[in-house]
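Structure first, commentary second.
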Amino acid sequence: VLVEADLRAVYSHGINRLKMYVDECKTGTVAVDAEPAVERERGATAVVDGNNCLGAVVGEFAMRVAIAKAKENGIGWVLAKNSNHYGIAGHYAMMALQEDFIGMSWTNTSPIVVPTRAKNPALGTNPIALAAPTARAAPFVLDMATSAVALGKVEVVNRRGEDLPLGWAVGRDGHPTTDAAAAIQSSTTGEGGLSPLGGMDSGYKGYGLAMLVEVLGGVLGDANYGRKIRTWQSPLKDANANSKKNDADAEEDAGGANLGQAFIVVDPAVFGPGFPTRMDDFIEQMHTLPSGLGLPRVMVPGDPERNAYAEQQQHGIRLHDSLIDNLNALSEECGLDEIKAT
């Protein structure tokens, strides 16, 4: 999942996350000797208990259950609880394409996004993904955060020593900030944080979408939600990991992250023939629009990532020098050979 993210140039969710996963395994933040399991099911629906496994393990298990449900019923809707950070949401949505099905997935995350009119974070970046099959065109793949930007992208900017674009984050005082380090620190202090999708002017739209993910994920699936989710990367074993929260009435679980995730699969054929061909036509409508301001041709979701994937499959994945240094430090810690940059 991490390598796929890097190949698609989603560096915020790529190998950049490896140390976090290793640390979670070492500290017992995630269960390395458990497996996800179906807790209950009826018809086209199921609930998966992730048993605090790595999110990628839970995600692939739950999506396979949803695909099986769709094969039998035409649709599969599976919710997972007791899960963890699962990487790029698009990975799970795209699993359905192997069966010429439509795939969707979303997840809630630790509260690092500041709702409209608020000063403190109460929602996660809560990504949404949808993948749809086509007949001739490349599949449609939408994979987006409901925040102005993913936290990992802020970390990439900080690693490069650059300023954030205005509108990505707010500081402890609730005002917009371009300080990447301050934005990252806010993810653990509970003061300030990322802006919702839409930024300073239209953030209420991203705020609403983030709540949609919570309603149809954490709340519906009896997982944690909103401010009940533990602080980003706080150790499972530390009962005081969230003591730096600003509001005294903050509600959190001192155990695992217990993230709520949704995995939905639809067989378009149950609604009639021709869906992939109509998708081709729809995508072509967008691609053939005249571009404005001398820009290249109009793209659809998934095009930039697909272009990056093709280029990096041929020439290799581009990693920043500081990330290579971090990976080599992790390699030494784990008794592995260093990475040789080329």
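In the structure tokens, chains take the letters A, B, ... in the order shown, each chain's residues start at 1, and ligands count up from 1 in the order shown.
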- Write out as JSON, numbers by chain the residues lying within 8 Å of Asp222 in chain A, counting only C-alpha atoms and excluding same-chain residues fewer than 3 positions away. {"A": [81, 218, 219, 260]}
key: Spatial neighbours of Leu164 in chain A, max dist 8 Å, only C-alpha atoms, sep filter under 2 positions, as a list in words   =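 Skipping anything fewer than 2 positions along the chain leaves Val154, Val157, Glu162, Leu166, Trp168, Ala169, Thr177, Thr178, Asp179 and Ala180 of chain A.
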If you keep all heavy atoms, can you produce a file of those selected residues as a compact mmCIF listing (two decimals), in the first residue's frame?
```txt
# COMPACT_ATOMS: atom_id res chain seq x y z
N VAL A 154 1.68 18.25 4.65
CA VAL A 154 2.27 19.29 5.50
C VAL A 154 3.63 18.83 5.98
O VAL A 154 4.60 19.60 6.01
CB VAL A 154 1.34 19.60 6.68
CG1 VAL A 154 1.99 20.61 7.63
CG2 VAL A 154 0.00 20.14 6.19
N VAL A 157 6.16 19.27 3.20
CA VAL A 157 6.56 20.68 3.08
C VAL A 157 7.53 21.05 4.20
O VAL A 157 8.54 21.73 3.97
CB VAL A 157 5.32 21.60 3.11
CG1 VAL A 157 5.74 23.07 3.20
CG2 VAL A 157 4.47 21.38 1.87
N GLU A 162 9.97 24.52 3.69
CA GLU A 162 9.18 25.52 2.95
C GLU A 162 7.99 25.99 3.78
O GLU A 162 7.61 25.37 4.78
CB GLU A 162 8.71 24.92 1.63
CG GLU A 162 9.84 24.46 0.71
CD GLU A 162 9.35 23.68 -0.49
OE1 GLU A 162 8.13 23.40 -0.57
OE2 GLU A 162 10.18 23.32 -1.34
N LEU A 166 -1.18 29.54 2.11
CA LEU A 166 -2.17 30.09 3.02
C LEU A 166 -3.52 29.40 2.79
O LEU A 166 -3.97 29.25 1.65
CB LEU A 166 -2.32 31.60 2.79
CG LEU A 166 -3.02 32.39 3.89
CD1 LEU A 166 -2.22 32.32 5.19
CD2 LEU A 166 -3.21 33.84 3.47
N TRP A 168 -4.11 26.27 4.20
CA TRP A 168 -3.96 24.86 4.55
C TRP A 168 -4.17 24.60 6.03
O TRP A 168 -4.66 23.54 6.41
CB TRP A 168 -2.56 24.37 4.16
CG TRP A 168 -2.39 24.00 2.72
CD1 TRP A 168 -3.17 24.39 1.67
CD2 TRP A 168 -1.37 23.17 2.17
NE1 TRP A 168 -2.69 23.86 0.50
CE2 TRP A 168 -1.60 23.10 0.77
CE3 TRP A 168 -0.29 22.49 2.72
CZ2 TRP A 168 -0.77 22.37 -0.08
CZ3 TRP A 168 0.54 21.75 1.87
CH2 TRP A 168 0.29 21.69 0.49
N ALA A 169 -3.79 25.52 6.88
CA ALA A 169 -3.78 25.27 8.32
C ALA A 169 -4.08 26.54 9.10
O ALA A 169 -3.96 27.66 8.58
CB ALA A 169 -2.43 24.70 8.75
N THR A 177 -2.19 30.04 9.18
CA THR A 177 -0.74 30.07 9.36
C THR A 177 -0.06 29.42 8.17
O THR A 177 -0.63 28.54 7.52
CB THR A 177 -0.32 29.33 10.65
OG1 THR A 177 1.09 29.42 10.80
CG2 THR A 177 -0.73 27.86 10.62
N THR A 178 1.17 29.86 7.89
CA THR A 178 1.99 29.23 6.85
C THR A 178 3.14 28.44 7.47
O THR A 178 3.99 27.92 6.76
CB THR A 178 2.57 30.30 5.89
OG1 THR A 178 3.39 31.20 6.64
CG2 THR A 178 1.46 31.07 5.19
N ASP A 179 3.15 28.33 8.80
CA ASP A 179 4.21 27.65 9.53
C ASP A 179 3.93 26.15 9.56
O ASP A 179 3.07 25.68 10.32
CB ASP A 179 4.29 28.22 10.95
CG ASP A 179 5.48 27.67 11.74
OD1 ASP A 179 6.01 26.61 11.37
OD2 ASP A 179 5.87 28.32 12.73
N ALA A 180 4.65 25.39 8.76
CA ALA A 180 4.41 23.94 8.67
C ALA A 180 4.68 23.24 10.00
O ALA A 180 3.94 22.35 10.41
CB ALA A 180 5.27 23.34 7.56
```
Exercise. In Å to one decimal, how far is CA of Ile75 in chain A from CA of Arg42 in chain A?
Worked result: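 Atom-to-atom, CA of Arg42 in chain A and CA of Ile75 in chain A are spaced 12.3 Å apart.
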**Prompt:** From the set A:Ala70, A:Leu259, A:Met94, A:Val270, which residue has the shortest atom-to-atom contact distance to Thr109 in chain A, counting only C-alpha atoms?
**Reply:**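 Closest residue, counting only C-alpha atoms: A:Leu259.
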Shortest contact to Ala129 in chain A, candidates A:Leu194, A:Met279, A:Val78, A:Val213, atoms counted only C-alpha atoms, goes to A:Val213
- Message: When you look at range 143-149 of chain A with a cut-off of 6 Å (counting only C-alpha atoms), what residues show up, excluding the ones that are within fewer than 5 positions of it in the same chain? I need them as number ranges by chain.
- Response: A: 90, 125-129, 168, 195-197, 199, 206, 210
Saved selection, atoms kept: N, CA and C atoms, as a PDB file, in the first residue's frame:
```pdb
ATOM      1  N   GLY A  90      -7.915   5.161  -1.838  1.00  0.00           N
ATOM      2  CA  GLY A  90      -8.088   4.712  -3.210  1.00  0.00           C
ATOM      3  C   GLY A  90      -7.653   3.273  -3.436  1.00  0.00           C
ATOM      4  N   THR A 125      -8.848  14.053   8.773  1.00  0.00           N
ATOM      5  CA  THR A 125      -8.796  14.408   7.346  1.00  0.00           C
ATOM      6  C   THR A 125      -9.811  13.589   6.557  1.00  0.00           C
ATOM      7  N   ASN A 126     -10.301  12.506   7.131  1.00  0.00           N
ATOM      8  CA  ASN A 126     -11.456  11.729   6.665  1.00  0.00           C
ATOM      9  C   ASN A 126     -11.561  11.594   5.144  1.00  0.00           C
ATOM     10  N   PRO A 127     -10.669  10.833   4.516  1.00  0.00           N
ATOM     11  CA  PRO A 127     -10.670  10.720   3.059  1.00  0.00           C
ATOM     12  C   PRO A 127     -11.829   9.897   2.512  1.00  0.00           C
ATOM     13  N   ILE A 128     -12.185  10.207   1.277  1.00  0.00           N
ATOM     14  CA  ILE A 128     -13.238   9.503   0.531  1.00  0.00           C
ATOM     15  C   ILE A 128     -12.648   9.053  -0.798  1.00  0.00           C
ATOM     16  N   ALA A 129     -12.943   7.820  -1.201  1.00  0.00           N
ATOM     17  CA  ALA A 129     -12.441   7.323  -2.486  1.00  0.00           C
ATOM     18  C   ALA A 129     -13.550   6.599  -3.235  1.00  0.00           C
ATOM     19  N   TRP A 168      -4.109  26.268   4.204  1.00  0.00           N
ATOM     20  CA  TRP A 168      -3.958  24.859   4.547  1.00  0.00           C
ATOM     21  C   TRP A 168      -4.174  24.604   6.034  1.00  0.00           C
ATOM     22  N   SER A 195      -7.103  23.024   7.974  1.00  0.00           N
ATOM     23  CA  SER A 195      -8.377  23.621   7.574  1.00  0.00           C
ATOM     24  C   SER A 195      -9.215  22.582   6.833  1.00  0.00           C
ATOM     25  N   PRO A 196     -10.544  22.682   6.917  1.00  0.00           N
ATOM     26  CA  PRO A 196     -11.389  21.793   6.121  1.00  0.00           C
ATOM     27  C   PRO A 196     -11.226  22.092   4.631  1.00  0.00           C
ATOM     28  N   LEU A 197     -11.603  21.150   3.784  1.00  0.00           N
ATOM     29  CA  LEU A 197     -11.593  21.364   2.342  1.00  0.00           C
ATOM     30  C   LEU A 197     -12.397  22.624   2.005  1.00  0.00           C
ATOM     31  N   GLY A 199     -10.880  25.611   2.600  1.00  0.00           N
ATOM     32  CA  GLY A 199     -10.045  26.634   3.212  1.00  0.00           C
ATOM     33  C   GLY A 199     -10.822  27.707   3.922  1.00  0.00           C
ATOM     34  N   GLY A 206     -16.130  21.199   3.251  1.00  0.00           N
ATOM     35  CA  GLY A 206     -15.290  20.096   3.697  1.00  0.00           C
ATOM     36  C   GLY A 206     -15.671  19.630   5.086  1.00  0.00           C
ATOM     37  N   ALA A 210     -16.609  15.835   6.003  1.00  0.00           N
ATOM     38  CA  ALA A 210     -15.920  15.106   7.069  1.00  0.00           C
ATOM     39  C   ALA A 210     -16.922  14.512   8.051  1.00  0.00           C
TER      40      ALA A 210
END
```
* Met95 in chain A: which residues within 10 Å, counting only C-alpha atoms, same-chain residues fewer than 4 positions away excluded, as a PyMOL selection string? -> chain A and resi 60+63-64+67+90-91+99-104+131+265
| request: Please identify all polymer residues within 7 Å of Thr134 in chain A, counting only C-alpha atoms, omitting same-chain residues fewer than 5 positions from it, and present them as an MDAnalysis selection string. | output: chainID A and resid 139 276:277 279:280
